[in-house]
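Below is upload-v1.tsv, holding TSV, N, CA and C atoms.
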chain	number	residue	atom	x	y	z
F	82	MET	N	-0.43	-84.76	32.15
F	82	MET	CA	-0.42	-83.50	32.86
F	82	MET	C	-1.28	-82.49	32.10
F	83	ARG	N	-2.15	-81.83	32.82
F	83	ARG	CA	-3.07	-80.86	32.22
F	83	ARG	C	-2.37	-79.51	32.09
F	84	THR	N	-2.50	-78.90	30.93
F	84	THR	CA	-1.93	-77.57	30.74
F	84	THR	C	-2.96	-76.53	31.16
F	85	LYS	N	-2.47	-75.42	31.62
F	85	LYS	CA	-3.36	-74.35	32.07
F	85	LYS	C	-3.92	-73.58	30.88
F	86	SER	N	-5.19	-73.26	30.98
F	86	SER	CA	-5.80	-72.47	29.92
F	86	SER	C	-5.36	-71.01	30.09
F	87	LYS	N	-5.59	-70.25	29.07
F	87	LYS	CA	-5.22	-68.83	29.09
F	87	LYS	C	-5.94	-68.10	30.22
F	88	SER	N	-7.22	-68.40	30.43
F	88	SER	CA	-7.98	-67.72	31.49
F	88	SER	C	-7.45	-68.09	32.87
F	89	GLU	N	-7.07	-69.35	33.06
F	89	GLU	CA	-6.50	-69.75	34.35
F	89	GLU	C	-5.19	-69.03	34.61
F	90	GLN	N	-4.39	-68.86	33.58
F	90	GLN	CA	-3.12	-68.16	33.71
F	90	GLN	C	-3.35	-66.69	34.05
F	91	VAL	N	-4.34	-66.06	33.42
F	91	VAL	CA	-4.65	-64.66	33.68
F	91	VAL	C	-5.11	-64.50	35.13
F	92	ILE	N	-5.97	-65.38	35.61
F	92	ILE	CA	-6.45	-65.31	36.99
F	92	ILE	C	-5.29	-65.47	37.96
F	93	ARG	N	-4.41	-66.43	37.72
F	93	ARG	CA	-3.26	-66.64	38.58
F	93	ARG	C	-2.36	-65.41	38.61
F	94	ASP	N	-2.14	-64.80	37.45
F	94	ASP	CA	-1.31	-63.59	37.37
F	94	ASP	C	-1.93	-62.43	38.13
F	95	ILE	N	-3.24	-62.27	38.03
F	95	ILE	CA	-3.93	-61.19	38.74
F	95	ILE	C	-3.80	-61.40	40.24
F	96	LYS	N	-4.05	-62.62	40.70
F	96	LYS	CA	-3.93	-62.91	42.13
F	96	LYS	C	-2.52	-62.64	42.62
F	97	HIS	N	-1.54	-63.06	41.85
F	97	HIS	CA	-0.14	-62.88	42.23
F	97	HIS	C	0.22	-61.40	42.30
F	98	ASN	N	-0.26	-60.62	41.34
F	98	ASN	CA	0.09	-59.20	41.28
F	98	ASN	C	-0.68	-58.34	42.27
F	99	THR	N	-1.81	-58.84	42.79
F	99	THR	CA	-2.59	-58.04	43.72
F	99	THR	C	-2.32	-58.42	45.18
F	100	CYS	N	-1.58	-59.48	45.41
F	100	CYS	CA	-1.23	-59.86	46.78
F	100	CYS	C	-0.24	-58.85	47.33
F	101	LYS	N	-0.54	-58.34	48.52
F	101	LYS	CA	0.37	-57.40	49.15
F	101	LYS	C	1.57	-58.17	49.67
F	102	LYS	N	2.73	-57.67	49.42
F	102	LYS	CA	3.97	-58.26	49.92
F	102	LYS	C	4.36	-57.49	51.18
F	103	TYR	N	4.59	-58.21	52.25
F	103	TYR	CA	4.95	-57.60	53.52
F	103	TYR	C	6.44	-57.75	53.76
F	104	SER	N	7.09	-56.68	54.17
F	104	SER	CA	8.51	-56.74	54.49
F	104	SER	C	8.69	-57.43	55.83
F	105	SER	N	9.91	-57.81	56.13
F	105	SER	CA	10.21	-58.43	57.42
F	105	SER	C	9.84	-57.50	58.57
F	106	GLU	N	10.08	-56.21	58.39
F	106	GLU	CA	9.75	-55.23	59.43
F	106	GLU	C	8.25	-55.17	59.67
F	107	GLU	N	7.46	-55.23	58.58
F	107	GLU	CA	6.01	-55.23	58.72
F	107	GLU	C	5.53	-56.50	59.42
F	108	ASN	N	6.11	-57.64	59.07
F	108	ASN	CA	5.75	-58.90	59.71
F	108	ASN	C	5.98	-58.81	61.22
F	109	ILE	N	7.15	-58.31	61.61
F	109	ILE	CA	7.50	-58.20	63.03
F	109	ILE	C	6.55	-57.24	63.72
F	110	ARG	N	6.26	-56.11	63.10
F	110	ARG	CA	5.35	-55.14	63.70
F	110	ARG	C	3.98	-55.75	63.95
F	111	ILE	N	3.47	-56.48	62.98
F	111	ILE	CA	2.15	-57.09	63.10
F	111	ILE	C	2.15	-58.16	64.20
F	112	VAL	N	3.19	-59.00	64.22
F	112	VAL	CA	3.27	-60.04	65.25
F	112	VAL	C	3.37	-59.42	66.64
F	113	LEU	N	4.21	-58.41	66.80
F	113	LEU	CA	4.35	-57.76	68.10
F	113	LEU	C	3.05	-57.09	68.53
F	114	GLU	N	2.35	-56.51	67.59
F	114	GLU	CA	1.05	-55.90	67.90
F	114	GLU	C	0.06	-56.96	68.37
F	115	GLY	N	0.11	-58.13	67.76
F	115	GLY	CA	-0.76	-59.22	68.19
F	115	GLY	C	-0.42	-59.73	69.58
F	116	LEU	N	0.84	-59.66	69.95
F	116	LEU	CA	1.27	-60.11	71.27
F	116	LEU	C	0.90	-59.13	72.38
F	117	CYS	N	0.61	-57.89	72.02
F	117	CYS	CA	0.28	-56.87	73.03
F	117	CYS	C	-1.10	-57.05	73.63
F	118	ASP	N	-1.96	-57.87	73.04
F	118	ASP	CA	-3.30	-58.17	73.55
F	118	ASP	C	-4.23	-56.96	73.62
F	119	GLU	N	-3.94	-55.89	72.88
F	119	GLU	CA	-4.84	-54.75	72.88
F	119	GLU	C	-6.06	-55.00	72.00
F	120	THR	N	-5.85	-55.75	70.92
F	120	THR	CA	-6.95	-56.12	70.03
F	120	THR	C	-6.87	-57.62	69.78
F	121	SER	N	-7.96	-58.20	69.34
F	121	SER	CA	-7.94	-59.63	69.06
F	121	SER	C	-7.15	-59.88	67.77
F	122	ILE	N	-6.68	-61.08	67.63
F	122	ILE	CA	-5.92	-61.46	66.43
F	122	ILE	C	-6.80	-61.32	65.19
F	123	ILE	N	-8.05	-61.69	65.33
F	123	ILE	CA	-8.99	-61.58	64.20
F	123	ILE	C	-9.12	-60.12	63.76
F	124	GLU	N	-9.32	-59.21	64.72
F	124	GLU	CA	-9.44	-57.78	64.39
F	124	GLU	C	-8.16	-57.28	63.74
F	125	LEU	N	-7.02	-57.68	64.29
F	125	LEU	CA	-5.73	-57.27	63.74
F	125	LEU	C	-5.57	-57.75	62.30
F	126	CYS	N	-5.91	-59.00	62.07
F	126	CYS	CA	-5.79	-59.57	60.72
F	126	CYS	C	-6.72	-58.89	59.73
F	127	LEU	N	-7.94	-58.60	60.17
F	127	LEU	CA	-8.87	-57.89	59.29
F	127	LEU	C	-8.34	-56.52	58.94
F	128	ARG	N	-7.82	-55.80	59.94
F	128	ARG	CA	-7.31	-54.46	59.71
F	128	ARG	C	-6.09	-54.48	58.79
F	129	GLU	N	-5.22	-55.48	58.96
F	129	GLU	CA	-4.00	-55.56	58.15
F	129	GLU	C	-4.23	-56.25	56.81
F	130	GLY	N	-5.38	-56.89	56.63
F	130	GLY	CA	-5.69	-57.55	55.37
F	130	GLY	C	-4.97	-58.87	55.19
F	131	ILE	N	-4.75	-59.59	56.30
F	131	ILE	CA	-4.08	-60.89	56.19
F	131	ILE	C	-4.98	-61.98	56.76
F	132	ASN	N	-4.74	-63.19	56.33
F	132	ASN	CA	-5.45	-64.34	56.85
F	132	ASN	C	-4.87	-64.68	58.22
F	133	PRO	N	-5.70	-65.04	59.20
F	133	PRO	CA	-5.16	-65.41	60.52
F	133	PRO	C	-4.11	-66.52	60.46
F	134	ASN	N	-4.24	-67.43	59.50
F	134	ASN	CA	-3.22	-68.48	59.35
F	134	ASN	C	-1.85	-67.88	59.03
F	135	VAL	N	-1.85	-66.81	58.26
F	135	VAL	CA	-0.60	-66.13	57.94
F	135	VAL	C	-0.01	-65.52	59.20
F	136	TYR	N	-0.87	-64.88	60.00
F	136	TYR	CA	-0.40	-64.29	61.27
F	136	TYR	C	0.25	-65.36	62.14
F	137	TYR	N	-0.41	-66.48	62.31
F	137	TYR	CA	0.11	-67.53	63.19
F	137	TYR	C	1.40	-68.14	62.63
F	138	ARG	N	1.52	-68.22	61.32
F	138	ARG	CA	2.77	-68.71	60.71
F	138	ARG	C	3.90	-67.73	61.00
F	139	TRP	N	3.62	-66.42	60.82
F	139	TRP	CA	4.64	-65.42	61.11
F	139	TRP	C	5.02	-65.45	62.58
F	140	SER	N	4.04	-65.62	63.45
F	140	SER	CA	4.28	-65.67	64.89
F	140	SER	C	5.18	-66.86	65.24
F	141	LYS	N	4.92	-67.99	64.62
F	141	LYS	CA	5.73	-69.19	64.85
F	141	LYS	C	7.16	-68.96	64.36
F	142	GLU	N	7.31	-68.36	63.19
F	142	GLU	CA	8.64	-68.08	62.65
F	142	GLU	C	9.39	-67.09	63.54
F	143	PHE	N	8.67	-66.09	64.05
F	143	PHE	CA	9.24	-65.08	64.94
F	143	PHE	C	9.75	-65.74	66.22
F	144	SER	N	8.94	-66.64	66.77
F	144	SER	CA	9.30	-67.36	67.98
F	144	SER	C	10.54	-68.24	67.76
F	145	LYS	N	10.57	-68.96	66.64
F	145	LYS	CA	11.71	-69.83	66.34
F	145	LYS	C	12.98	-69.02	66.17
F	146	ALA	N	12.88	-67.86	65.52
F	146	ALA	CA	14.05	-67.01	65.31
F	146	ALA	C	14.57	-66.50	66.65
F	147	GLY	N	13.66	-66.18	67.57
F	147	GLY	CA	14.06	-65.73	68.90
F	147	GLY	C	14.74	-66.84	69.68
F	148	GLN	N	14.26	-68.04	69.54
F	148	GLN	CA	14.87	-69.18	70.24
F	148	GLN	C	16.28	-69.45	69.73
F	149	LYS	N	16.49	-69.29	68.45
F	149	LYS	CA	17.82	-69.50	67.87
F	149	LYS	C	18.83	-68.48	68.41
F	150	ARG	N	18.35	-67.25	68.66
F	150	ARG	CA	19.22	-66.19	69.15
F	150	ARG	C	19.63	-66.42	70.59
F	151	LEU	N	18.82	-67.18	71.34
F	151	LEU	CA	19.15	-67.46	72.74
F	151	LEU	C	20.08	-68.63	72.77
Conversion result in structure tokens:
Amino acid sequence: MRTKSKSEQVIRDIKHNTCKKYSSEENIRIVLEGLCDETSIIELCLREGINPNVYYRWSKEFSKAGQKRL
């Protein structure tokens, strides 16, 4: 097993500390905004600073949670 060098650890720490953490309320707001069809998902993701894959994952989780409630 390869151990991480000091520089790799520093880079990982910087990435971890600079990633924006979104609350559940923010996730829901962004997903609902994407469902309104006023802007494209790409534009929404660029504006919010998230990867479209993250949006679609949140959307899927939101949908599953709604199905469980029914």
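Excluding range 139-150 of chain F itself and any same-chain residue fewer than 4 positions from it, the protein and nucleic acid residues within 7 Å of it, counting only C-alpha atoms, are Asn108, Val112 and Val135 of chain F.
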Leaving out Gly115 in chain F and any residue of its chain fewer than 5 positions from it, which residues lie within 12 Å of it when counting only C-alpha atoms, given as a list in words?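 Surrounding residues, per the criterion: Asn108, Ile109, Arg110, Thr120, Ser121, Ile122, Ile123, Glu124, Leu125, Cys126, Arg128, Glu129, Pro133, Tyr136, Tyr137, Trp139 and Ser140 of chain F.
What separates CA of Asp118 in chain F from CA of Ser104 in chain F is a distance of 22.5 Å.
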For CA of Tyr103 in chain F and CA of Ile131 in chain F, quote the distance in Å rounded to one decimal. 10.0 Å
